[in-house]
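Have a look at my_file10.cif below; it lists mmCIF, C-alpha atoms (C1' of nucleotides).
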```cif
data_coords
loop_
_atom_site.label_atom_id
_atom_site.label_comp_id
_atom_site.auth_asym_id
_atom_site.auth_seq_id
_atom_site.Cartn_x
_atom_site.Cartn_y
_atom_site.Cartn_z
CA MET N 1 59.49 15.58 -22.75
CA GLN N 2 63.08 15.35 -21.61
CA ASN N 3 65.13 17.13 -24.18
CA LYS N 4 66.09 14.57 -26.75
CA ALA N 5 68.26 17.11 -28.49
CA ASP N 6 70.79 16.65 -25.69
CA LEU N 7 71.33 13.04 -26.69
CA PHE N 8 73.30 14.00 -29.75
CA PRO N 9 77.02 14.77 -30.09
CA ASP N 10 78.08 18.25 -29.11
CA GLN N 11 79.29 19.00 -32.59
CA LEU N 12 75.85 18.41 -34.06
CA ALA N 13 74.10 20.24 -31.27
CA HIS N 14 76.34 23.23 -31.75
CA LEU N 15 75.87 23.34 -35.51
CA ALA N 16 72.13 23.01 -35.09
CA ALA N 17 72.10 25.87 -32.61
CA GLN N 18 73.95 28.09 -35.05
CA ALA N 19 71.56 27.13 -37.81
CA LYS N 20 68.68 28.10 -35.58
CA ALA N 21 70.07 31.61 -35.39
CA PHE N 22 69.70 31.79 -39.17
CA ALA N 23 66.30 30.15 -39.19
CA HIS N 24 64.17 33.29 -39.15
CA PRO N 25 63.95 35.89 -41.88
CA ALA N 26 63.84 38.72 -39.37
CA ARG N 27 67.24 37.73 -38.06
CA LEU N 28 68.65 37.50 -41.56
CA ALA N 29 67.25 40.94 -42.27
CA ILE N 30 68.89 42.25 -39.12
CA LEU N 31 72.22 40.84 -40.23
CA GLN N 32 71.85 42.47 -43.63
CA THR N 33 70.96 45.79 -42.11
CA LEU N 34 73.97 45.65 -39.84
CA ALA N 35 76.18 44.77 -42.79
CA GLN N 36 74.88 47.72 -44.78
CA ARG N 37 75.37 50.27 -42.05
CA GLY N 38 78.36 48.74 -40.39
CA THR N 39 76.99 49.74 -37.07
CA CYS N 40 73.47 50.21 -35.88
CA VAL N 41 71.50 51.52 -32.99
CA CYS N 42 68.61 49.28 -32.11
CA GLY N 43 66.07 51.93 -33.08
CA GLU N 44 67.34 52.03 -36.64
CA ILE N 45 66.65 48.33 -37.00
CA VAL N 46 63.21 48.73 -35.54
CA ASP N 47 62.50 51.41 -38.14
CA VAL N 48 63.55 49.11 -40.97
CA LEU N 49 61.70 45.99 -39.89
CA PRO N 50 57.93 45.49 -39.70
CA LEU N 51 58.21 44.37 -36.09
CA ALA N 52 57.72 45.89 -32.68
CA GLN N 53 60.67 47.08 -30.65
CA ALA N 54 60.35 44.29 -28.15
CA THR N 55 60.45 41.68 -30.89
CA VAL N 56 63.51 43.17 -32.53
CA SER N 57 65.27 43.30 -29.19
CA GLN N 58 64.52 39.64 -28.71
CA HIS N 59 65.93 38.70 -32.10
CA LEU N 60 69.01 40.76 -31.36
CA ARG N 61 69.45 38.83 -28.16
CA THR N 62 69.21 35.55 -30.04
CA LEU N 63 71.87 36.73 -32.45
CA ARG N 64 74.05 37.90 -29.58
CA ASP N 65 73.66 34.58 -27.78
CA ALA N 66 74.71 32.83 -30.97
CA GLY N 67 77.77 35.08 -31.06
CA LEU N 68 77.02 36.54 -34.47
CA VAL N 69 76.47 40.06 -33.25
CA ARG N 70 78.03 42.21 -30.58
CA GLY N 71 76.44 45.10 -28.77
CA GLU N 72 77.93 47.96 -26.83
CA VAL N 73 76.07 50.43 -24.72
CA GLU N 74 76.69 53.83 -26.23
CA GLY N 75 75.17 56.39 -23.95
CA PRO N 76 71.42 56.11 -24.09
CA CYS N 77 71.52 53.73 -27.06
CA THR N 78 72.97 50.32 -27.70
CA CYS N 79 75.17 49.99 -30.71
CA TYR N 80 75.23 46.69 -32.57
CA CYS N 81 77.56 45.31 -35.17
CA LEU N 82 78.33 42.03 -36.85
CA ASP N 83 81.02 39.74 -35.57
CA ALA N 84 82.59 39.04 -38.94
CA ASP N 85 84.90 36.38 -37.59
CA ALA N 86 82.07 34.43 -36.04
CA LEU N 87 80.08 34.66 -39.27
CA ARG N 88 82.94 33.36 -41.33
CA THR N 89 83.58 30.58 -38.86
CA LEU N 90 79.96 29.58 -39.01
CA ALA N 91 79.94 29.57 -42.78
CA ASP N 92 83.07 27.45 -42.74
CA ASN N 93 81.45 25.00 -40.34
CA PHE N 94 78.48 24.64 -42.63
CA GLY N 95 80.68 24.23 -45.64
CA ALA N 96 82.78 21.60 -43.91
CA PHE N 97 79.73 19.73 -42.73
CA VAL N 98 78.18 19.63 -46.18
CA ASN N 99 81.48 18.69 -47.79
CA ALA N 100 81.80 15.81 -45.38
CA LEU N 101 78.35 14.69 -46.41
CA THR N 102 79.09 14.83 -50.12
CA PRO N 103 82.64 13.46 -50.33
CA ASP N 104 82.86 14.33 -53.99
CA SER N 105 80.81 13.67 -57.04
CA PRO N 106 81.85 16.40 -59.46
CA ASN N 107 79.71 14.71 -62.06
CA GLY N 108 76.64 16.88 -62.16
CA ALA N 109 74.16 14.06 -61.88
CA SER N 110 73.34 12.70 -58.49
CA PRO N 111 73.40 8.93 -58.57
CA ASP N 112 70.13 7.18 -58.27
CA CYS N 113 68.89 6.53 -54.81
CA CYS N 114 68.88 2.73 -54.75
CA MET J 1 48.85 36.49 -35.39
CA GLN J 2 49.18 37.05 -39.09
CA ASN J 3 52.47 35.55 -39.99
CA LYS J 4 55.05 38.29 -39.78
CA ALA J 5 57.59 36.04 -41.42
CA ASP J 6 55.73 36.59 -44.69
CA LEU J 7 56.58 40.28 -44.59
CA PHE J 8 60.19 39.63 -45.49
CA PRO J 9 61.73 39.22 -48.94
CA ASP J 10 61.41 35.80 -50.52
CA GLN J 11 65.14 35.35 -50.60
CA LEU J 12 65.41 35.71 -46.84
CA ALA J 13 62.38 33.54 -46.21
CA HIS J 14 63.80 30.83 -48.39
CA LEU J 15 67.21 30.88 -46.77
CA ALA J 16 65.63 30.85 -43.33
CA ALA J 17 63.52 27.85 -44.29
CA GLN J 18 66.61 25.98 -45.44
CA ALA J 19 68.40 26.86 -42.24
CA LYS J 20 65.47 25.49 -40.29
CA ALA J 21 66.06 22.10 -41.86
CA PHE J 22 69.54 22.15 -40.31
CA ALA J 23 68.33 23.48 -37.01
CA HIS J 24 67.92 20.18 -35.19
CA PRO J 25 70.69 17.77 -34.26
CA ALA J 26 68.56 14.76 -35.11
CA ARG J 27 68.29 15.94 -38.70
CA LEU J 28 72.02 16.54 -38.91
CA ALA J 29 72.58 13.04 -37.56
CA ILE J 30 70.24 11.65 -40.18
CA LEU J 31 72.17 13.42 -42.91
CA GLN J 32 75.43 12.01 -41.58
CA THR J 33 74.03 8.53 -41.42
CA LEU J 34 72.81 8.77 -44.99
CA ALA J 35 76.19 10.03 -46.10
CA GLN J 36 77.97 7.14 -44.40
CA ARG J 37 75.78 4.47 -45.89
CA GLY J 38 74.98 6.11 -49.16
CA THR J 39 71.51 4.78 -48.98
CA CYS J 40 69.36 3.90 -46.05
CA VAL J 41 66.13 2.26 -45.18
CA CYS J 42 64.19 4.16 -42.58
CA GLY J 43 64.58 1.41 -40.03
CA GLU J 44 68.35 1.66 -40.11
CA ILE J 45 68.14 5.28 -39.11
CA VAL J 46 65.73 4.48 -36.35
CA ASP J 47 68.21 1.94 -35.01
CA VAL J 48 70.99 4.53 -34.95
CA LEU J 49 69.10 7.40 -33.37
CA PRO J 50 67.72 7.57 -29.83
CA LEU J 51 64.27 8.43 -31.17
CA ALA J 52 61.05 6.62 -31.87
CA GLN J 53 60.15 5.55 -35.36
CA ALA J 54 57.39 8.10 -35.68
CA THR J 55 59.76 10.89 -34.75
CA VAL J 56 62.39 9.81 -37.24
CA SER J 57 59.79 9.60 -39.95
CA GLN J 58 58.74 13.14 -39.15
CA HIS J 59 62.31 14.43 -39.37
CA LEU J 60 62.75 12.61 -42.65
CA ARG J 61 59.68 14.34 -43.96
CA THR J 62 61.09 17.70 -42.94
CA LEU J 63 64.29 16.93 -44.80
CA ARG J 64 62.37 15.75 -47.83
CA ASP J 65 60.23 18.87 -47.83
CA ALA J 66 63.41 20.92 -47.72
CA GLY J 67 64.64 18.96 -50.74
CA LEU J 68 67.78 17.70 -49.03
CA VAL J 69 66.79 14.06 -49.10
CA ARG J 70 64.96 11.86 -51.56
CA GLY J 71 63.06 8.71 -50.82
CA GLU J 72 61.94 5.89 -53.03
CA VAL J 73 59.61 3.12 -52.10
CA GLU J 74 61.54 -0.10 -52.39
CA GLY J 75 59.18 -2.93 -51.83
CA PRO J 76 58.03 -2.90 -48.26
CA CYS J 77 60.67 -0.34 -47.24
CA THR J 78 61.42 3.21 -48.21
CA CYS J 79 64.92 3.91 -49.30
CA TYR J 80 66.41 7.33 -48.56
CA CYS J 81 69.45 9.06 -49.84
CA LEU J 82 70.97 12.52 -49.86
CA ASP J 83 70.39 14.96 -52.66
CA ALA J 84 73.99 16.00 -53.02
CA ASP J 85 73.21 18.79 -55.47
CA ALA J 86 70.68 20.36 -53.16
CA LEU J 87 73.12 20.17 -50.27
CA ARG J 88 75.84 21.87 -52.23
CA THR J 89 73.45 24.51 -53.44
CA LEU J 90 72.35 25.18 -49.91
CA ALA J 91 75.92 25.45 -48.68
CA ASP J 92 76.67 27.84 -51.52
CA ASN J 93 73.69 29.97 -50.61
CA PHE J 94 74.90 30.24 -47.06
CA GLY J 95 78.39 31.03 -48.12
CA ALA J 96 77.17 33.70 -50.49
CA PHE J 97 74.95 35.25 -47.87
CA VAL J 98 77.72 35.41 -45.31
CA ASN J 99 80.18 36.74 -47.86
CA ALA J 100 77.75 39.48 -48.75
CA LEU J 101 77.55 40.35 -45.08
CA THR J 102 81.29 40.54 -44.60
CA PRO J 103 82.48 42.29 -47.77
CA ASP J 104 86.11 41.95 -46.88
CA SER J 105 88.23 42.39 -43.82
CA PRO J 106 91.13 40.04 -44.39
CA ASN J 107 92.78 41.54 -41.34
CA GLY J 108 92.09 39.02 -38.63
CA ALA J 109 90.81 41.51 -36.13
CA SER J 110 87.24 42.65 -36.32
CA PRO J 111 87.06 46.41 -36.02
CA ASP J 112 85.57 47.79 -32.88
CA CYS J 113 81.87 48.12 -32.80
CA CYS J 114 81.51 51.89 -32.52
"C1'" DA R 1 43.25 -14.31 -47.43
"C1'" DA R 2 45.98 -13.99 -43.75
"C1'" DT R 3 50.32 -12.94 -41.55
"C1'" DG R 4 54.33 -10.27 -40.75
"C1'" DC R 5 57.34 -6.57 -41.69
"C1'" DT R 6 58.10 -1.67 -42.77
"C1'" DT R 7 56.77 3.01 -43.00
"C1'" DA R 8 53.49 7.17 -42.93
"C1'" DT R 9 50.09 9.47 -40.74
"C1'" DC R 10 46.84 10.78 -36.91
"C1'" DG R 11 46.00 12.41 -32.49
"C1'" DT R 12 47.77 14.33 -28.49
"C1'" DA R 13 50.79 16.30 -24.98
"C1'" DT R 14 54.62 19.16 -23.85
"C1'" DA R 15 58.02 22.52 -24.95
"C1'" DA R 16 59.81 26.16 -27.59
"C1'" DC R 17 59.19 30.06 -30.57
"C1'" DG R 18 57.37 34.57 -32.20
"C1'" DC R 19 55.01 38.50 -31.18
"C1'" DC R 20 53.57 42.38 -28.61
"C1'" DG R 21 52.04 45.74 -24.84
"C1'" DA R 22 53.55 47.29 -20.67
"C1'" DT R 23 57.04 48.23 -17.56
"C1'" DA R 24 61.53 48.98 -15.63
"C1'" DG R 25 66.21 50.58 -16.11
"C1'" DC R 26 69.59 53.61 -17.94
"C1'" DC R 27 71.58 57.79 -19.51
"C1'" DG R 28 71.82 62.64 -21.10
"C1'" DA R 29 69.73 66.97 -21.00
"C1'" DT R 30 66.99 70.33 -18.85
"C1'" DA M 1 65.92 66.13 -9.30
"C1'" DT M 2 63.15 65.66 -13.08
"C1'" DC M 3 62.06 64.76 -17.70
"C1'" DG M 4 62.37 62.45 -22.06
"C1'" DG M 5 64.33 59.14 -25.21
"C1'" DC M 6 66.18 54.48 -25.84
"C1'" DT M 7 66.49 49.59 -24.86
"C1'" DA M 8 65.87 45.15 -22.20
"C1'" DT M 9 62.96 42.36 -19.85
"C1'" DC M 10 58.44 40.55 -18.08
"C1'" DG M 11 53.98 38.45 -18.80
"C1'" DG M 12 50.67 36.62 -21.68
"C1'" DC M 13 48.91 34.75 -25.90
"C1'" DG M 14 48.74 32.07 -30.03
"C1'" DT M 15 51.44 29.21 -33.17
"C1'" DT M 16 54.78 25.97 -34.36
"C1'" DA M 17 58.00 22.26 -33.30
"C1'" DT M 18 59.22 18.00 -31.04
"C1'" DA M 19 58.10 13.58 -29.43
"C1'" DC M 20 55.52 9.43 -28.96
"C1'" DG M 21 51.85 5.67 -29.03
"C1'" DA M 22 48.44 3.92 -31.82
"C1'" DT M 23 46.74 3.05 -36.12
"C1'" DA M 24 46.52 2.62 -41.10
"C1'" DA M 25 48.54 1.51 -45.48
"C1'" DG M 26 51.62 -1.07 -48.64
"C1'" DC M 27 54.04 -5.11 -49.95
"C1'" DA M 28 56.09 -9.97 -49.73
"C1'" DT M 29 55.42 -14.23 -48.17
"C1'" DT M 30 52.74 -18.06 -46.64
#
```
Rewrite the coordinates I just gave you, this time as C-alpha coordinates.
Amino acid sequence: MQNKADLFPDQLAHLAAQAKAFAHPARLAILQTLAQRGTCVCGEIVDVLPLAQATVSQHLRTLRDAGLVRGEVEGPCTCYCLDADALRTLADNFGAFVNALTPDSPNGASPDCC
Amino acid sequence: MQNKADLFPDQLAHLAAQAKAFAHPARLAILQTLAQRGTCVCGEIVDVLPLAQATVSQHLRTLRDAGLVRGEVEGPCTCYCLDADALRTLADNFGAFVNALTPDSPNGASPDCC
DNA sequence: AATGCTTATCGTATAACGCCGATAGCCGAT
DNA sequence: ATCGGCTATCGGCGTTATACGATAAGCATT
(Lines of atoms letter the chains of each structure in order from A and count residues from 1; the text may use other names and numbers.)
(Lines give C-alpha, C1' and ligand atoms only; values in the text may rest on other atoms or scores of the structure.)
Protein backbone atom coordinates (compact mmCIF):
# COMPACT_ATOMS: atom_id res chain seq x y z
CA MET A 1 0.00 0.00 0.00
CA GLN A 2 1.68 3.17 -1.18
CA ASN A 3 0.83 5.81 1.32
CA LYS A 4 -2.36 7.43 0.15
CA ALA A 5 -2.10 9.97 2.92
CA ASP A 6 0.63 11.68 0.89
CA LEU A 7 -1.84 12.46 -1.86
CA PHE A 8 -3.51 15.17 0.16
CA PRO A 9 -2.57 18.84 0.52
CA ASP A 10 0.18 19.61 2.98
CA GLN A 11 -2.12 21.68 5.11
CA LEU A 12 -4.44 18.75 5.71
CA ALA A 13 -1.60 16.33 6.23
CA HIS A 14 -0.05 18.61 8.79
CA LEU A 15 -3.27 19.13 10.70
CA ALA A 16 -3.94 15.42 10.68
CA ALA A 17 -0.48 14.73 12.03
CA GLN A 18 -1.04 17.16 14.89
CA ALA A 19 -4.38 15.57 15.63
CA LYS A 20 -2.69 12.21 15.80
CA ALA A 21 -0.52 13.49 18.61
CA PHE A 22 -3.71 14.12 20.58
CA ALA A 23 -5.30 10.85 19.58
CA HIS A 24 -4.24 8.78 22.57
CA PRO A 25 -5.34 9.27 26.14
CA ALA A 26 -1.88 8.51 27.47
CA ARG A 27 -0.47 11.45 25.57
CA LEU A 28 -3.22 13.73 26.82
CA ALA A 29 -2.48 12.55 30.34
CA ILE A 30 1.19 13.32 29.82
CA LEU A 31 0.34 16.82 28.68
CA GLN A 32 -1.83 17.35 31.74
CA THR A 33 0.85 16.08 34.05
CA LEU A 34 3.39 18.40 32.49
CA ALA A 35 0.98 21.31 32.82
CA GLN A 36 0.43 20.57 36.50
CA ARG A 37 4.07 20.32 37.40
CA GLY A 38 5.43 22.78 34.91
CA THR A 39 8.40 20.58 34.41
CA CYS A 40 8.82 16.88 34.71
CA VAL A 41 11.45 14.22 34.75
CA CYS A 42 10.45 11.20 32.74
CA GLY A 43 10.33 9.00 35.83
CA GLU A 44 7.66 11.15 37.42
CA ILE A 45 5.41 10.59 34.43
CA VAL A 46 6.05 6.88 34.53
CA ASP A 47 4.98 6.88 38.18
CA VAL A 48 1.72 8.63 37.35
CA LEU A 49 0.70 6.57 34.34
CA PRO A 50 -0.25 2.89 34.29
CA LEU A 51 2.33 2.21 31.59
CA ALA A 52 5.83 0.85 31.39
CA GLN A 53 8.79 3.16 31.12
CA ALA A 54 9.49 2.20 27.55
CA THR A 55 5.94 3.02 26.53
CA VAL A 56 5.97 6.40 28.22
CA SER A 57 9.26 7.23 26.55
CA GLN A 58 7.73 6.38 23.22
CA HIS A 59 4.73 8.63 23.81
CA LEU A 60 7.06 11.40 24.88
CA ARG A 61 8.93 10.99 21.64
CA THR A 62 5.70 11.27 19.68
CA LEU A 63 4.86 14.46 21.50
CA ARG A 64 8.34 15.81 20.92
CA ASP A 65 8.17 14.97 17.22
CA ALA A 66 4.87 16.82 17.04
CA GLY A 67 6.59 19.79 18.66
CA LEU A 68 4.23 19.95 21.63
CA VAL A 69 6.84 19.10 24.21
CA ARG A 70 10.49 19.90 24.66
CA GLY A 71 13.05 17.89 26.55
CA GLU A 72 16.41 18.81 27.95
CA VAL A 73 18.96 16.47 29.37
CA GLU A 74 19.47 17.45 32.97
CA GLY A 75 22.28 15.39 34.34
CA PRO A 76 21.17 11.80 34.63
CA CYS A 77 17.53 12.69 33.92
CA THR A 78 15.68 14.26 31.05
CA CYS A 79 13.48 17.17 31.89
CA TYR A 80 10.33 17.71 29.86
CA CYS A 81 8.00 20.65 29.57
CA LEU A 82 5.18 21.83 27.39
CA ASP A 83 5.76 24.10 24.45
CA ALA A 84 2.94 26.49 25.21
CA ASP A 85 3.33 28.38 21.96
CA ALA A 86 3.05 25.24 19.89
CA LEU A 87 -0.02 24.17 21.84
CA ARG A 88 -1.74 27.46 21.31
CA THR A 89 -0.85 27.45 17.64
CA LEU A 90 -2.28 23.99 17.28
CA ALA A 91 -5.48 24.96 19.04
CA ASP A 92 -5.75 27.97 16.77
CA ASN A 93 -5.28 25.78 13.71
CA PHE A 94 -8.07 23.52 14.83
CA GLY A 95 -10.31 26.42 15.60
CA ALA A 96 -9.63 28.00 12.23
CA PHE A 97 -10.24 24.75 10.42
CA VAL A 98 -13.55 24.17 12.14
CA ASN A 99 -14.61 27.77 11.65
CA ALA A 100 -13.89 27.46 7.97
CA LEU A 101 -16.10 24.39 7.90
CA THR A 102 -18.99 26.08 9.66
CA PRO A 103 -19.02 29.56 8.11
CA ASP A 104 -21.64 30.73 10.56
CA SER A 105 -25.01 29.55 11.65
CA PRO A 106 -25.50 31.18 15.04
CA ASN A 107 -29.00 29.80 15.04
CA GLY A 108 -28.74 26.86 17.37
CA ALA A 109 -30.43 24.39 15.08
CA SER A 110 -28.42 22.72 12.41
CA PRO A 111 -30.29 22.80 9.14
CA ASP A 112 -31.64 19.57 7.87
CA CYS A 113 -29.30 17.47 5.85
CA CYS A 114 -31.09 17.45 2.49
CA MET B 1 -3.04 -7.00 25.53
CA GLN B 2 -5.82 -5.71 27.71
CA ASN B 3 -6.55 -2.29 26.40
CA LYS B 4 -4.45 0.13 28.39
CA ALA B 5 -6.34 3.01 26.86
CA ASP B 6 -9.27 2.08 29.10
CA LEU B 7 -7.21 2.86 32.17
CA PHE B 8 -7.46 6.58 31.58
CA PRO B 9 -10.22 8.98 32.63
CA ASP B 10 -13.27 9.09 30.41
CA GLN B 11 -12.70 12.71 29.59
CA LEU B 12 -9.29 11.98 28.12
CA ALA B 13 -10.49 8.89 26.31
CA HIS B 14 -13.33 10.84 24.77
CA LEU B 15 -11.14 13.71 23.64
CA ALA B 16 -8.62 11.28 22.20
CA ALA B 17 -11.36 9.51 20.28
CA GLN B 18 -12.53 12.79 18.80
CA ALA B 19 -8.98 13.68 17.85
CA LYS B 20 -8.67 10.35 16.11
CA ALA B 21 -11.50 11.34 13.80
CA PHE B 22 -9.37 14.28 12.68
CA ALA B 23 -6.21 12.25 12.46
CA HIS B 24 -6.36 11.38 8.78
CA PRO B 25 -6.10 13.82 5.88
CA ALA B 26 -8.77 11.99 3.92
CA ARG B 27 -11.28 12.67 6.65
CA LEU B 28 -10.32 16.32 6.81
CA ALA B 29 -10.74 16.52 3.05
CA ILE B 30 -14.16 14.94 3.34
CA LEU B 31 -15.17 17.52 5.92
CA GLN B 32 -13.98 20.32 3.66
CA THR B 33 -15.85 18.93 0.71
CA LEU B 34 -19.02 18.69 2.74
CA ALA B 35 -18.57 22.24 3.94
CA GLN B 36 -18.13 23.52 0.40
CA ARG B 37 -21.18 21.79 -0.98
CA GLY B 38 -23.34 21.88 2.09
CA THR B 39 -24.62 18.48 1.27
CA CYS B 40 -23.07 15.64 -0.60
CA VAL B 41 -23.87 12.30 -2.04
CA CYS B 42 -21.19 9.74 -1.34
CA GLY B 43 -20.28 9.46 -5.00
CA GLU B 44 -19.36 13.12 -5.21
CA ILE B 45 -16.82 12.64 -2.47
CA VAL B 46 -15.42 9.59 -4.16
CA ASP B 47 -14.94 11.65 -7.32
CA VAL B 48 -13.01 14.32 -5.43
CA LEU B 49 -10.72 12.07 -3.42
CA PRO B 50 -7.96 9.81 -4.74
CA LEU B 51 -9.47 6.83 -2.93
CA ALA B 52 -11.67 3.91 -3.79
CA GLN B 53 -15.35 3.95 -2.99
CA ALA B 54 -15.02 1.37 -0.26
CA THR B 55 -12.35 3.41 1.46
CA VAL B 56 -14.36 6.60 1.33
CA SER B 57 -17.36 4.80 2.74
CA GLN B 58 -15.22 3.57 5.60
CA HIS B 59 -13.96 7.07 6.38
CA LEU B 60 -17.51 8.35 6.27
CA ARG B 61 -18.48 5.74 8.78
CA THR B 62 -15.68 6.82 11.07
CA LEU B 63 -16.88 10.40 10.86
CA ARG B 64 -20.46 9.34 11.48
CA ASP B 65 -19.44 7.27 14.48
CA ALA B 66 -17.63 10.31 15.83
CA GLY B 67 -20.84 12.28 15.37
CA LEU B 68 -19.28 14.88 13.07
CA VAL B 69 -21.33 13.94 10.04
CA ARG B 70 -24.88 12.82 9.49
CA GLY B 71 -26.22 10.80 6.63
CA GLU B 72 -29.71 10.30 5.33
CA VAL B 73 -30.80 7.81 2.76
CA GLU B 74 -32.15 9.75 -0.17
CA GLY B 75 -33.59 7.33 -2.61
CA PRO B 76 -30.82 5.29 -4.11
CA CYS B 77 -28.12 7.57 -2.67
CA THR B 78 -27.05 8.54 0.80
CA CYS B 79 -26.82 12.21 1.48
CA TYR B 80 -24.21 13.44 3.94
CA CYS B 81 -23.76 16.71 5.68
CA LEU B 82 -21.75 18.17 8.52
CA ASP B 83 -23.08 18.35 12.04
CA ALA B 84 -22.05 21.92 12.67
CA ASP B 85 -22.96 21.80 16.35
CA ALA B 86 -20.82 18.75 16.97
CA LEU B 87 -17.91 20.34 15.15
CA ARG B 88 -18.12 23.49 17.21
CA THR B 89 -18.42 21.49 20.39
CA LEU B 90 -15.37 19.51 19.46
CA ALA B 91 -13.38 22.62 18.68
CA ASP B 92 -14.45 24.09 22.00
CA ASN B 93 -13.34 20.97 23.82
CA PHE B 94 -9.93 21.21 22.25
CA GLY B 95 -9.65 24.85 23.00
CA ALA B 96 -10.64 24.30 26.60
CA PHE B 97 -8.19 21.46 27.01
CA VAL B 98 -5.32 23.47 25.61
CA ASN B 99 -6.26 26.50 27.65
CA ALA B 100 -6.25 24.39 30.77
CA LEU B 101 -2.77 23.24 29.85
CA THR B 102 -1.41 26.72 29.33
CA PRO B 103 -2.98 28.69 32.19
CA ASP B 104 -1.55 31.97 31.02
CA SER B 105 1.73 33.21 29.71
CA PRO B 106 0.78 36.16 27.56
CA ASN B 107 4.46 36.96 27.24
CA GLY B 108 5.37 35.59 23.86
CA ALA B 109 8.40 33.69 25.04
CA SER B 110 7.97 30.29 26.57
CA PRO B 111 10.00 30.04 29.74
CA ASP B 112 12.97 27.78 29.67
CA CYS B 113 12.34 24.18 30.39
CA CYS B 114 14.32 23.75 33.60
C1' DA C 1 -39.02 -9.17 -12.64
C1' DA C 2 -35.13 -7.50 -14.41
C1' DT C 3 -31.76 -3.89 -15.08
C1' DG C 4 -28.88 -0.23 -13.60
C1' DC C 5 -27.19 2.92 -10.30
C1' DT C 6 -25.57 3.92 -5.60
C1' DT C 7 -23.80 2.69 -1.23
C1' DA C 8 -22.50 -0.50 2.79
C1' DT C 9 -20.32 -4.36 4.21
C1' DC C 10 -17.19 -8.50 3.98
C1' DG C 11 -12.86 -10.47 3.45
C1' DT C 12 -8.15 -9.80 3.05
C1' DA C 13 -3.54 -7.81 2.76
C1' DT C 14 -0.32 -4.42 4.25
C1' DA C 15 1.15 -0.85 7.29
C1' DA C 16 1.09 1.56 11.48
C1' DC C 17 0.31 1.73 16.36
C1' DG C 18 0.68 0.39 21.30
C1' DC C 19 2.91 -2.15 24.56
C1' DC C 20 6.62 -4.22 26.94
C1' DG C 21 11.08 -6.69 28.31
C1' DA C 22 15.70 -6.32 27.54
C1' DT C 23 19.58 -3.77 26.48
C1' DA C 24 22.60 0.06 25.68
C1' DG C 25 24.04 4.70 26.71
C1' DC C 26 24.74 8.43 29.81
C1' DC C 27 25.89 10.76 33.95
C1' DG C 28 26.94 11.39 38.90
C1' DA C 29 28.63 9.35 42.91
C1' DT C 30 31.44 6.14 45.20
C1' DA D 1 37.24 2.62 37.20
C1' DT D 2 33.18 0.93 38.89
C1' DC D 3 28.60 1.09 40.40
C1' DG D 4 23.86 2.53 40.37
C1' DG D 5 20.06 5.24 38.69
C1' DC D 6 17.70 7.20 34.67
C1' DT D 7 16.24 7.25 29.89
C1' DA D 8 16.20 5.97 24.84
C1' DT D 9 16.17 2.55 21.66
C1' DC D 10 15.75 -2.26 19.82
C1' DG D 11 13.11 -6.38 18.87
C1' DG D 12 9.03 -8.82 19.03
C1' DC D 13 4.16 -9.42 19.58
C1' DG D 14 -0.67 -8.50 19.18
C1' DT D 15 -4.08 -5.06 17.79
C1' DT D 16 -5.88 -1.52 15.10
C1' DA D 17 -6.04 1.31 10.95
C1' DT D 18 -5.91 1.91 6.02
C1' DA D 19 -6.94 0.41 1.53
C1' DC D 20 -9.13 -2.19 -1.99
C1' DG D 21 -11.85 -5.71 -4.80
C1' DA D 22 -15.84 -8.28 -4.60
C1' DT D 23 -20.29 -8.79 -3.15
C1' DA D 24 -24.75 -7.70 -1.18
C1' DA D 25 -28.52 -4.60 -0.36
C1' DG D 26 -31.73 -0.80 -1.53
C1' DC D 27 -34.23 1.89 -4.75
C1' DA D 28 -35.92 3.82 -9.37
C1' DT D 29 -36.81 2.77 -13.75
C1' DT D 30 -37.98 -0.21 -17.48
Residues of chain J at most 9 Å from chain R: nearest atom pair and distance in Å, only C-alpha atoms (C1' of nucleotides), as CSV:
```
residue,atom,partner,partner_atom,distance
J:Met1,CA,R:DC19,C1',7.7
J:Lys4,CA,R:DC19,C1',8.6
J:Cys42,CA,R:DT7,C1',7.5
J:Gly43,CA,R:DT6,C1',7.7
J:Gln53,CA,R:DT7,C1',8.7
J:Ala54,CA,R:DA8,C1',8.3
J:Ser57,CA,R:DA8,C1',7.4
J:Gln58,CA,R:DA8,C1',8.8
J:Pro76,CA,R:DT6,C1',5.6
J:Cys77,CA,R:DT6,C1',5.3
J:Thr78,CA,R:DT7,C1',7.0
```
Would you work out the distance separating CA of Thr89 in chain J from CA of Leu68 in chain J, expressed in Å to one decimal?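 These two atoms are separated by 9.9 Å.
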Counting all atoms listed in the file, chain J residues within 7 Å of chain N, as a ChimeraX atom specification: /J:5,8,12-13,16-17,19-20,22-25,28,32,35,39,79-81,83-85,87-88,91,94-95,98,101-102,110,113-114
Distance in Å - CA of Gly75 in chain J versus CA of Val41 in chain J: 10.9 Å
Check what the PyMOL selection byres ((chain M) within 9 of (chain N)) selects in the file above and give those residues as a PyMOL selection string. chain M and resi 5-9+18-19
Could you save those same residues with C-alpha atoms (C1' of nucleotides) as an mmCIF file, in the coordinates of the input?
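Saved result, part_17.cif, follows:
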```cif
data_model
loop_
_atom_site.group_PDB
_atom_site.id
_atom_site.type_symbol
_atom_site.label_atom_id
_atom_site.label_comp_id
_atom_site.auth_asym_id
_atom_site.auth_seq_id
_atom_site.Cartn_x
_atom_site.Cartn_y
_atom_site.Cartn_z
ATOM 1 C "C1'" DG M 5 64.330 59.140 -25.210
ATOM 2 C "C1'" DC M 6 66.180 54.480 -25.840
ATOM 3 C "C1'" DT M 7 66.490 49.590 -24.860
ATOM 4 C "C1'" DA M 8 65.870 45.150 -22.200
ATOM 5 C "C1'" DT M 9 62.960 42.360 -19.850
ATOM 6 C "C1'" DT M 18 59.220 18.000 -31.040
ATOM 7 C "C1'" DA M 19 58.100 13.580 -29.430
#
```
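Of note, C1' of DA17 in chain M and CA of Ala52 in chain J are spaced 16.0 Å apart.
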Build an axis-aligned box that encloses every atom of range 17-29 of chain M listed in the file, pad it by 6 Å on each side, and report its centre and edge lengths in Å to one decimal, as JSON.
```
{"center_x": 52.9, "center_y": 4.0, "center_z": -39.5, "size_x": 24.7, "size_y": 48.5, "size_z": 33.0}
```
